[in-house]
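Shown next, in structure tokens, is the structure this report addresses.
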Amino acid sequence: MRTIHTLKELRAVLQGYRQQEKRIGLVPTMGNLHEGHLALVGYARQAADVVVTSIFVNPMQFGANEDLDSYPRTLQEDQDKLQAAGNTLIFAPAPDDVYPDGLANQTQVVVPDVSDGYCGASRPGHFEGVATVVTMLFNMIQPDLAVFGEKDFQQLAVIRKLTRDLFIPVEIIGAPTVRDDDGLAKSSRNGYLSSDERSRAPVIHQTLQRTAEALMEGATDYAELEQQALAALTRAGLRPDYFNIANSLTLKPARAEDTQLTILAAAFLGTTRLIDNVSIQR
Ligand code: PAF
């Protein structure tokens, strides 16, 4: 496995693989890799001959008061994990090479509609930052396929739409969320939790599951279910940001006749904001 920091070198290496007609898979990450990321590499390996994992803490997707500076940067450990996972190349560019004219002068990709609401409402500019860097990575690497986690459900919808709208020839693969034994979705931000916060965190998944069960049993008063869930999270000592039942395909608020539903949640434990979701078909 090789770690590459410049686009020039990456393109030269990828050209060699393309000449051999190898299929190239991309796993975009911000590093600090956990089992969830390594599962994405596993999916990419099944569908591609060469797996490029990008590691780039993208400043454009962080708000002014968010954790850009404290976000863990652990390239050495990430390299060891990716080597063991059978990854082929790491692309770890420097921020100044990705945004040579600075963030303020960067052309942006705006994905309307699916970026609205949920995390888009709580984190203004976040999905523009994600959509911009993912489009840039697609253009830099020109992969045949790219794998993203379903844990970031709205992000996956944003990326599917931008790929479709901009006719980018890349297959998008969504991979199921990897969880700890108690149900907590794996996330780099779990590392911020104190032991008390970590012991409370599984209530997010438990509440999503309880709501999913109620929906499967035929409940249609979505507003009531959402209120009950927000109250359960608050009782457990969390500060809920949102808890909503949505149509899985459009991300619009669910209607009684919808059959594919996704329940989306975000909540703070102390200063750490965690997200999760559960999808059902009924
Ligand atoms: O999901 C993430 O880690 C990031 O949002 C992504 C897709 C790598 C873009 O920076």
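Ordering of the structure tokens sets the chain letters (A, B, ...); residue numbers start at 1 within each chain; ligands are numbered from 1 in the order shown.
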List the neighbours of A:Lys151 out to 12 Å using only C-alpha atoms; skip same-chain residues closer than 2 positions along the sequence, and give me the result as a compact mmCIF listing (two decimals) with C-alpha atoms, in the first residue's frame.
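New file result_32.txt:
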```txt
# COMPACT_ATOMS: atom_id res chain seq x y z
CA GLY A 36 -17.21 1.61 9.85
CA HIS A 37 -14.64 3.06 7.45
CA LEU A 40 -16.47 0.72 3.35
CA PHE A 148 -20.26 6.06 1.41
CA GLY A 149 -21.81 5.04 4.73
CA PHE A 153 -28.05 9.30 5.26
CA GLN A 154 -28.65 12.88 4.14
CA GLN A 155 -25.04 13.18 2.94
CA LEU A 156 -25.53 10.04 0.82
CA ALA A 157 -28.70 11.56 -0.70
CA GLY A 174 -24.27 3.02 0.08
CA ALA A 175 -22.97 0.75 2.85
CA PRO A 176 -24.88 -0.21 6.02
CA THR A 177 -24.01 1.45 9.33
CA VAL A 178 -21.57 -0.44 11.55
CA ARG A 179 -22.53 -0.36 15.25
CA LEU A 184 -24.21 3.05 18.99
CA ALA A 185 -23.26 3.86 15.39
CA LYS A 186 -19.49 3.93 14.86
CA SER A 187 -18.30 7.50 14.43
CA HIS A 205 -30.37 4.03 18.42
CA THR A 262 -36.22 6.81 7.25
CA ILE A 263 -36.11 8.11 10.79
CA LEU A 264 -33.32 10.65 11.16
CA ALA A 265 -31.90 11.83 14.47
CA ALA A 266 -29.21 14.18 15.73
CA LEU A 274 -24.04 12.51 17.07
CA ILE A 275 -26.30 11.47 14.18
CA ASP A 276 -27.98 8.20 13.31
CA ASN A 277 -30.92 6.86 11.30
CA VAL A 278 -33.02 3.76 10.74
CA SER A 279 -34.89 2.90 7.54
```
I'd like a table as CSV: residues in chain A with an atom no more than 10 Å from ligand 1, each row giving the shortest atom pair and its distance in Å to one decimal, only C-alpha atoms and all ligand atoms counted, sorted by chain and rising residue number.
```
residue,atom,partner,partner_atom_place_in_ligand_line,distance
A:Val27,CA,ligand 1,8 (C),7.8
A:Pro28,CA,ligand 1,8 (C),4.3
A:Thr29,CA,ligand 1,8 (C),3.6
A:Met30,CA,ligand 1,3 (O),4.7
A:Gly31,CA,ligand 1,3 (O),7.5
A:Asn32,CA,ligand 1,3 (O),9.6
A:Leu33,CA,ligand 1,3 (O),9.5
A:His37,CA,ligand 1,3 (O),8.8
A:Thr53,CA,ligand 1,8 (C),9.5
A:Ser54,CA,ligand 1,8 (C),7.5
A:Ile55,CA,ligand 1,8 (C),7.4
A:Phe56,CA,ligand 1,10 (O),6.7
A:Val57,CA,ligand 1,10 (O),6.4
A:Asn58,CA,ligand 1,10 (O),5.2
A:Pro59,CA,ligand 1,10 (O),8.5
A:Met60,CA,ligand 1,10 (O),8.5
A:Gln61,CA,ligand 1,10 (O),7.0
A:Phe62,CA,ligand 1,10 (O),9.7
A:His126,CA,ligand 1,5 (O),8.8
A:Phe127,CA,ligand 1,5 (O),8.3
A:Gly129,CA,ligand 1,10 (O),7.6
A:Val130,CA,ligand 1,9 (C),4.9
A:Ala131,CA,ligand 1,9 (C),7.6
A:Thr132,CA,ligand 1,9 (C),8.6
A:Val133,CA,ligand 1,10 (O),6.1
A:Val134,CA,ligand 1,9 (C),5.8
A:Thr135,CA,ligand 1,9 (C),9.6
A:Leu137,CA,ligand 1,9 (C),9.0
A:Val147,CA,ligand 1,7 (C),9.3
A:Phe148,CA,ligand 1,7 (C),7.0
A:Gly149,CA,ligand 1,1 (O),7.3
A:Glu150,CA,ligand 1,1 (O),9.7
A:Lys151,CA,ligand 1,1 (O),8.9
A:Asp152,CA,ligand 1,1 (O),6.7
A:Phe153,CA,ligand 1,1 (O),10.0
A:Gln155,CA,ligand 1,5 (O),7.2
A:Leu156,CA,ligand 1,7 (C),8.5
A:Ile159,CA,ligand 1,7 (C),8.6
A:Ser187,CA,ligand 1,3 (O),9.4
A:Ser188,CA,ligand 1,3 (O),8.9
```
Q.
Give me the residues near A:Asp116 as a list in words, where near means some atom within 12 Å (using only C-alpha atoms) and where sequence neighbours in that chain fewer than 3 positions away do not count.
A. Val110, Val111, Pro112, Asp113, Cys119, Gly120, Ala121, Ser122, Arg123, Pro124, Gly125, His126, Phe127, Glu128, Gln154, Gln155, Ala157, Val158, Thr250, Leu251, Lys252 and Pro253 of chain A
Store the residues picked out above in a file with N, CA, C and O atoms, as a PDB file, in the first residue's frame.
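Listed below is the output, part.pdb:
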```
ATOM      1  N   VAL A 110     -23.555  23.415  -5.008  1.00  0.00           N
ATOM      2  CA  VAL A 110     -24.738  23.550  -4.151  1.00  0.00           C
ATOM      3  C   VAL A 110     -25.773  22.534  -4.632  1.00  0.00           C
ATOM      4  O   VAL A 110     -26.118  22.506  -5.811  1.00  0.00           O
ATOM      5  N   VAL A 111     -26.243  21.708  -3.732  1.00  0.00           N
ATOM      6  CA  VAL A 111     -27.209  20.664  -4.089  1.00  0.00           C
ATOM      7  C   VAL A 111     -28.546  21.034  -3.441  1.00  0.00           C
ATOM      8  O   VAL A 111     -28.711  20.872  -2.228  1.00  0.00           O
ATOM      9  N   PRO A 112     -29.479  21.576  -4.242  1.00  0.00           N
ATOM     10  CA  PRO A 112     -30.715  22.069  -3.629  1.00  0.00           C
ATOM     11  C   PRO A 112     -31.590  20.937  -3.126  1.00  0.00           C
ATOM     12  O   PRO A 112     -31.388  19.770  -3.455  1.00  0.00           O
ATOM     13  N   ASP A 113     -32.575  21.307  -2.338  1.00  0.00           N
ATOM     14  CA  ASP A 113     -33.634  20.418  -1.893  1.00  0.00           C
ATOM     15  C   ASP A 113     -33.168  19.394  -0.852  1.00  0.00           C
ATOM     16  O   ASP A 113     -33.473  19.546   0.318  1.00  0.00           O
ATOM     17  N   CYS A 119     -29.604  17.966   9.045  1.00  0.00           N
ATOM     18  CA  CYS A 119     -28.253  18.498   9.273  1.00  0.00           C
ATOM     19  C   CYS A 119     -28.003  19.764   8.457  1.00  0.00           C
ATOM     20  O   CYS A 119     -27.225  20.634   8.873  1.00  0.00           O
ATOM     21  N   GLY A 120     -28.661  19.873   7.299  1.00  0.00           N
ATOM     22  CA  GLY A 120     -28.481  21.074   6.477  1.00  0.00           C
ATOM     23  C   GLY A 120     -28.978  22.316   7.187  1.00  0.00           C
ATOM     24  O   GLY A 120     -28.410  23.400   7.041  1.00  0.00           O
ATOM     25  N   ALA A 121     -30.053  22.154   7.969  1.00  0.00           N
ATOM     26  CA  ALA A 121     -30.600  23.302   8.704  1.00  0.00           C
ATOM     27  C   ALA A 121     -29.731  23.634   9.917  1.00  0.00           C
ATOM     28  O   ALA A 121     -29.517  24.801  10.240  1.00  0.00           O
ATOM     29  N   SER A 122     -29.227  22.601  10.585  1.00  0.00           N
ATOM     30  CA  SER A 122     -28.450  22.832  11.817  1.00  0.00           C
ATOM     31  C   SER A 122     -27.021  23.264  11.531  1.00  0.00           C
ATOM     32  O   SER A 122     -26.377  23.853  12.386  1.00  0.00           O
ATOM     33  N   ARG A 123     -26.521  22.874  10.337  1.00  0.00           N
ATOM     34  CA  ARG A 123     -25.121  23.160  10.021  1.00  0.00           C
ATOM     35  C   ARG A 123     -25.064  23.899   8.671  1.00  0.00           C
ATOM     36  O   ARG A 123     -24.693  23.309   7.646  1.00  0.00           O
ATOM     37  N   PRO A 124     -25.414  25.203   8.674  1.00  0.00           N
ATOM     38  CA  PRO A 124     -25.454  25.939   7.401  1.00  0.00           C
ATOM     39  C   PRO A 124     -24.103  25.848   6.679  1.00  0.00           C
ATOM     40  O   PRO A 124     -23.060  26.007   7.300  1.00  0.00           O
ATOM     41  N   GLY A 125     -24.163  25.563   5.386  1.00  0.00           N
ATOM     42  CA  GLY A 125     -22.937  25.480   4.577  1.00  0.00           C
ATOM     43  C   GLY A 125     -22.282  24.107   4.592  1.00  0.00           C
ATOM     44  O   GLY A 125     -21.395  23.828   3.784  1.00  0.00           O
ATOM     45  N   HIS A 126     -22.729  23.235   5.510  1.00  0.00           N
ATOM     46  CA  HIS A 126     -22.064  21.927   5.648  1.00  0.00           C
ATOM     47  C   HIS A 126     -22.138  21.120   4.345  1.00  0.00           C
ATOM     48  O   HIS A 126     -21.124  20.622   3.849  1.00  0.00           O
ATOM     49  N   PHE A 127     -23.347  21.000   3.785  1.00  0.00           N
ATOM     50  CA  PHE A 127     -23.468  20.137   2.599  1.00  0.00           C
ATOM     51  C   PHE A 127     -22.847  20.775   1.354  1.00  0.00           C
ATOM     52  O   PHE A 127     -22.439  20.056   0.440  1.00  0.00           O
ATOM     53  N   GLU A 128     -22.745  22.103   1.333  1.00  0.00           N
ATOM     54  CA  GLU A 128     -22.021  22.735   0.229  1.00  0.00           C
ATOM     55  C   GLU A 128     -20.537  22.322   0.316  1.00  0.00           C
ATOM     56  O   GLU A 128     -19.897  22.027  -0.696  1.00  0.00           O
ATOM     57  N   GLN A 154     -28.383  11.685   4.954  1.00  0.00           N
ATOM     58  CA  GLN A 154     -28.653  12.880   4.144  1.00  0.00           C
ATOM     59  C   GLN A 154     -27.458  13.173   3.237  1.00  0.00           C
ATOM     60  O   GLN A 154     -27.633  13.552   2.078  1.00  0.00           O
ATOM     61  N   GLN A 155     -26.245  12.981   3.764  1.00  0.00           N
ATOM     62  CA  GLN A 155     -25.044  13.178   2.937  1.00  0.00           C
ATOM     63  C   GLN A 155     -25.080  12.256   1.722  1.00  0.00           C
ATOM     64  O   GLN A 155     -24.752  12.669   0.600  1.00  0.00           O
ATOM     65  N   ALA A 157     -27.684  11.053   0.243  1.00  0.00           N
ATOM     66  CA  ALA A 157     -28.696  11.564  -0.695  1.00  0.00           C
ATOM     67  C   ALA A 157     -28.138  12.756  -1.482  1.00  0.00           C
ATOM     68  O   ALA A 157     -28.372  12.886  -2.695  1.00  0.00           O
ATOM     69  N   VAL A 158     -27.400  13.621  -0.802  1.00  0.00           N
ATOM     70  CA  VAL A 158     -26.788  14.786  -1.461  1.00  0.00           C
ATOM     71  C   VAL A 158     -25.807  14.310  -2.536  1.00  0.00           C
ATOM     72  O   VAL A 158     -25.800  14.811  -3.666  1.00  0.00           O
ATOM     73  N   THR A 250     -37.172  10.952  -0.920  1.00  0.00           N
ATOM     74  CA  THR A 250     -37.178  12.404  -1.133  1.00  0.00           C
ATOM     75  C   THR A 250     -36.623  13.178   0.065  1.00  0.00           C
ATOM     76  O   THR A 250     -36.297  14.354  -0.058  1.00  0.00           O
ATOM     77  N   LEU A 251     -36.577  12.526   1.216  1.00  0.00           N
ATOM     78  CA  LEU A 251     -36.220  13.153   2.503  1.00  0.00           C
ATOM     79  C   LEU A 251     -37.238  14.208   2.951  1.00  0.00           C
ATOM     80  O   LEU A 251     -37.002  14.938   3.914  1.00  0.00           O
ATOM     81  N   LYS A 252     -38.383  14.269   2.267  1.00  0.00           N
ATOM     82  CA  LYS A 252     -39.461  15.168   2.715  1.00  0.00           C
ATOM     83  C   LYS A 252     -40.145  14.526   3.922  1.00  0.00           C
ATOM     84  O   LYS A 252     -40.088  13.293   4.087  1.00  0.00           O
ATOM     85  N   PRO A 253     -40.832  15.335   4.770  1.00  0.00           N
ATOM     86  CA  PRO A 253     -41.570  14.749   5.883  1.00  0.00           C
ATOM     87  C   PRO A 253     -42.484  13.632   5.374  1.00  0.00           C
ATOM     88  O   PRO A 253     -43.128  13.771   4.329  1.00  0.00           O
TER      89      PRO A 253
END
```
As a short mmCIF file (atom, residue, chain, number, x, y, z; two decimals) with N, CA and C atoms, in the first residue's frame, please: every residue in stretch 19-207 of chain A that DSSP puts in alpha helix (DSSP H).
```cif
data_model
loop_
_atom_site.label_atom_id
_atom_site.label_comp_id
_atom_site.auth_asym_id
_atom_site.auth_seq_id
_atom_site.Cartn_x
_atom_site.Cartn_y
_atom_site.Cartn_z
N GLN A 19 -4.48 1.82 -17.55
CA GLN A 19 -3.94 1.16 -18.75
C GLN A 19 -4.09 -0.36 -18.64
N GLU A 35 -14.02 0.89 12.49
CA GLU A 35 -14.51 -0.30 11.75
C GLU A 35 -15.51 0.08 10.66
N GLY A 36 -16.26 1.17 10.87
CA GLY A 36 -17.21 1.61 9.85
C GLY A 36 -16.49 1.95 8.55
N HIS A 37 -15.40 2.71 8.66
CA HIS A 37 -14.64 3.06 7.45
C HIS A 37 -14.04 1.80 6.81
N LEU A 38 -13.53 0.90 7.66
CA LEU A 38 -12.87 -0.29 7.10
C LEU A 38 -13.88 -1.18 6.39
N ALA A 39 -15.14 -1.15 6.87
CA ALA A 39 -16.20 -1.89 6.16
C ALA A 39 -16.42 -1.27 4.77
N LEU A 40 -16.33 0.07 4.66
CA LEU A 40 -16.47 0.72 3.35
C LEU A 40 -15.37 0.24 2.40
N VAL A 41 -14.16 0.12 2.95
CA VAL A 41 -13.03 -0.38 2.13
C VAL A 41 -13.34 -1.82 1.68
N GLY A 42 -13.94 -2.61 2.57
CA GLY A 42 -14.31 -3.98 2.23
C GLY A 42 -15.30 -4.02 1.06
N TYR A 43 -16.31 -3.14 1.09
CA TYR A 43 -17.27 -3.08 -0.02
C TYR A 43 -16.57 -2.65 -1.31
N ALA A 44 -15.68 -1.66 -1.18
CA ALA A 44 -14.97 -1.18 -2.38
C ALA A 44 -14.10 -2.29 -2.97
N ARG A 45 -13.49 -3.09 -2.11
CA ARG A 45 -12.64 -4.19 -2.60
C ARG A 45 -13.44 -5.23 -3.37
N GLN A 46 -14.71 -5.43 -2.92
CA GLN A 46 -15.55 -6.41 -3.62
C GLN A 46 -15.90 -5.96 -5.04
N ALA A 47 -15.98 -4.63 -5.22
CA ALA A 47 -16.49 -4.10 -6.50
C ALA A 47 -15.39 -3.54 -7.39
N LEU A 75 -2.87 9.95 10.87
CA LEU A 75 -2.48 9.32 9.60
C LEU A 75 -1.71 8.01 9.80
N GLN A 76 -0.78 7.97 10.78
CA GLN A 76 0.02 6.75 10.95
C GLN A 76 -0.87 5.55 11.30
N GLU A 77 -1.77 5.74 12.28
CA GLU A 77 -2.68 4.64 12.66
C GLU A 77 -3.59 4.28 11.49
N ASP A 78 -4.06 5.29 10.78
CA ASP A 78 -4.95 5.04 9.63
C ASP A 78 -4.24 4.20 8.57
N GLN A 79 -2.96 4.52 8.35
CA GLN A 79 -2.18 3.76 7.36
C GLN A 79 -2.11 2.29 7.76
N ASP A 80 -1.84 2.04 9.05
CA ASP A 80 -1.73 0.64 9.52
C ASP A 80 -3.04 -0.10 9.31
N LYS A 81 -4.17 0.58 9.64
CA LYS A 81 -5.48 -0.08 9.51
C LYS A 81 -5.81 -0.36 8.05
N LEU A 82 -5.49 0.61 7.19
CA LEU A 82 -5.82 0.42 5.77
C LEU A 82 -4.95 -0.64 5.12
N GLN A 83 -3.71 -0.71 5.57
CA GLN A 83 -2.81 -1.76 5.07
C GLN A 83 -3.42 -3.13 5.41
N ALA A 84 -3.86 -3.28 6.66
CA ALA A 84 -4.44 -4.57 7.10
C ALA A 84 -5.75 -4.86 6.38
N PRO A 95 -4.36 20.78 2.70
CA PRO A 95 -5.45 21.73 2.47
C PRO A 95 -5.09 22.81 1.44
N ASP A 96 -3.85 23.29 1.46
CA ASP A 96 -3.46 24.36 0.52
C ASP A 96 -3.43 23.87 -0.93
N ASP A 97 -3.25 22.56 -1.12
CA ASP A 97 -3.27 22.02 -2.48
C ASP A 97 -4.70 21.82 -2.96
N VAL A 98 -5.61 21.54 -2.01
CA VAL A 98 -7.01 21.34 -2.41
C VAL A 98 -7.68 22.69 -2.64
N TYR A 118 -32.91 19.01 8.46
CA TYR A 118 -32.07 18.07 9.21
C TYR A 118 -30.66 18.69 9.44
N CYS A 119 -29.60 17.97 9.05
CA CYS A 119 -28.25 18.50 9.27
C CYS A 119 -28.00 19.76 8.46
N GLY A 120 -28.66 19.87 7.30
CA GLY A 120 -28.48 21.07 6.48
C GLY A 120 -28.98 22.32 7.19
N ALA A 121 -30.05 22.15 7.97
CA ALA A 121 -30.60 23.30 8.70
C ALA A 121 -29.73 23.63 9.92
N SER A 122 -29.23 22.60 10.58
CA SER A 122 -28.45 22.83 11.82
C SER A 122 -27.02 23.26 11.53
N HIS A 126 -22.73 23.24 5.51
CA HIS A 126 -22.06 21.93 5.65
C HIS A 126 -22.14 21.12 4.35
N PHE A 127 -23.35 21.00 3.78
CA PHE A 127 -23.47 20.14 2.60
C PHE A 127 -22.85 20.77 1.35
N GLU A 128 -22.74 22.10 1.33
CA GLU A 128 -22.02 22.73 0.23
C GLU A 128 -20.54 22.32 0.32
N GLY A 129 -20.02 22.29 1.54
CA GLY A 129 -18.63 21.86 1.74
C GLY A 129 -18.42 20.41 1.36
N VAL A 130 -19.38 19.55 1.76
CA VAL A 130 -19.27 18.13 1.42
C VAL A 130 -19.38 17.95 -0.10
N ALA A 131 -20.40 18.57 -0.70
CA ALA A 131 -20.65 18.39 -2.14
C ALA A 131 -19.46 18.90 -2.95
N THR A 132 -18.88 20.01 -2.51
CA THR A 132 -17.74 20.58 -3.24
C THR A 132 -16.54 19.64 -3.19
N VAL A 133 -16.20 19.17 -1.98
CA VAL A 133 -14.98 18.35 -1.88
C VAL A 133 -15.19 16.99 -2.54
N VAL A 134 -16.40 16.44 -2.44
CA VAL A 134 -16.64 15.13 -3.07
C VAL A 134 -16.58 15.26 -4.60
N THR A 135 -17.14 16.35 -5.14
CA THR A 135 -17.04 16.58 -6.59
C THR A 135 -15.57 16.72 -7.00
N MET A 136 -14.80 17.44 -6.18
CA MET A 136 -13.37 17.61 -6.50
C MET A 136 -12.65 16.25 -6.46
N LEU A 137 -12.97 15.44 -5.44
CA LEU A 137 -12.32 14.12 -5.35
C LEU A 137 -12.70 13.25 -6.55
N PHE A 138 -13.98 13.33 -6.96
CA PHE A 138 -14.40 12.57 -8.14
C PHE A 138 -13.59 13.01 -9.37
N ASN A 139 -13.40 14.32 -9.52
CA ASN A 139 -12.66 14.82 -10.68
C ASN A 139 -11.17 14.52 -10.58
N MET A 140 -10.63 14.55 -9.37
CA MET A 140 -9.20 14.26 -9.20
C MET A 140 -8.90 12.79 -9.48
N ILE A 141 -9.76 11.92 -8.95
CA ILE A 141 -9.45 10.48 -8.95
C ILE A 141 -10.15 9.75 -10.11
N PHE A 153 -27.01 9.59 6.25
CA PHE A 153 -28.05 9.30 5.26
C PHE A 153 -28.31 10.49 4.35
N GLN A 154 -28.38 11.68 4.95
CA GLN A 154 -28.65 12.88 4.14
C GLN A 154 -27.46 13.17 3.24
N GLN A 155 -26.25 12.98 3.76
CA GLN A 155 -25.04 13.18 2.94
C GLN A 155 -25.08 12.26 1.72
N LEU A 156 -25.47 11.00 1.93
CA LEU A 156 -25.53 10.04 0.82
C LEU A 156 -26.54 10.51 -0.22
N ALA A 157 -27.68 11.05 0.24
CA ALA A 157 -28.70 11.56 -0.70
C ALA A 157 -28.14 12.76 -1.48
N VAL A 158 -27.40 13.62 -0.80
CA VAL A 158 -26.79 14.79 -1.46
C VAL A 158 -25.81 14.31 -2.54
N ILE A 159 -25.00 13.31 -2.20
CA ILE A 159 -23.97 12.84 -3.15
C ILE A 159 -24.61 12.11 -4.33
N ARG A 160 -25.67 11.34 -4.05
CA ARG A 160 -26.37 10.67 -5.17
C ARG A 160 -26.94 11.73 -6.13
N LYS A 161 -27.51 12.79 -5.57
CA LYS A 161 -28.13 13.81 -6.43
C LYS A 161 -27.08 14.59 -7.23
N LEU A 162 -25.98 14.96 -6.59
CA LEU A 162 -24.98 15.75 -7.33
C LEU A 162 -24.38 14.91 -8.45
N THR A 163 -24.22 13.61 -8.19
CA THR A 163 -23.63 12.73 -9.20
C THR A 163 -24.57 12.63 -10.41
N ARG A 164 -25.88 12.50 -10.08
CA ARG A 164 -26.90 12.41 -11.13
C ARG A 164 -27.00 13.75 -11.88
N ASP A 165 -27.15 14.83 -11.13
CA ASP A 165 -27.39 16.15 -11.75
C ASP A 165 -26.22 16.61 -12.60
N SER A 195 -16.89 8.94 29.66
CA SER A 195 -17.45 7.60 29.89
C SER A 195 -18.93 7.70 30.27
N ASP A 196 -19.31 8.77 30.97
CA ASP A 196 -20.74 8.95 31.30
C ASP A 196 -21.55 9.20 30.01
N GLU A 197 -21.04 10.06 29.14
CA GLU A 197 -21.76 10.34 27.88
C GLU A 197 -21.84 9.08 27.01
N ARG A 198 -20.74 8.33 26.99
CA ARG A 198 -20.73 7.10 26.16
C ARG A 198 -21.80 6.12 26.65
N SER A 199 -22.01 6.08 27.99
CA SER A 199 -23.00 5.12 28.53
C SER A 199 -24.44 5.55 28.17
N ARG A 200 -24.64 6.83 27.93
CA ARG A 200 -25.98 7.32 27.55
C ARG A 200 -26.23 7.25 26.04
N VAL A 203 -28.96 5.42 23.64
CA VAL A 203 -30.38 5.77 23.65
C VAL A 203 -30.81 6.33 22.28
N ILE A 204 -29.88 6.86 21.52
CA ILE A 204 -30.26 7.38 20.19
C ILE A 204 -30.75 6.22 19.32
N HIS A 205 -29.96 5.17 19.26
CA HIS A 205 -30.37 4.03 18.42
C HIS A 205 -31.60 3.33 19.01
N GLN A 206 -31.65 3.23 20.36
CA GLN A 206 -32.82 2.59 20.98
C GLN A 206 -34.10 3.35 20.63
N THR A 207 -34.02 4.68 20.65
CA THR A 207 -35.21 5.48 20.36
C THR A 207 -35.60 5.36 18.89
#
```
Q.
For the strand (DSSP E or B) assignment from backbone DSSP, which residues of stretch 35-279 of chain A qualify? Please present them as a ChimeraX atom specification.
A. /A:50-55,89-91,145-149,171-175,179,185,239-247,253,260-269,272-279
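Coordinates place atom CA of A:Lys8 at a distance of 23.6 Å from atom CA of A:Gly86.
Minimum distance to A:Ala94 across A:Thr6, A:Glu171, A:Leu14, A:Ser115 (counting only C-alpha atoms) occurs at A:Thr6.
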Q) Looking at only C-alpha atoms, which of A:Ala48, A:Arg2, A:Ala214, A:Asn105 is the one that sits closest to A:Ala92? A)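 Among the listed residues, A:Arg2 lies closest to A:Ala92.
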Q | Selection near A:Glu224, 12 Å with only C-alpha atoms, sequence-local residues under 4 positions removed, as JSON, numbers by chain | A | {"A": [211, 214, 215, 219, 220, 228, 229, 230, 231, 243, 244, 245]}
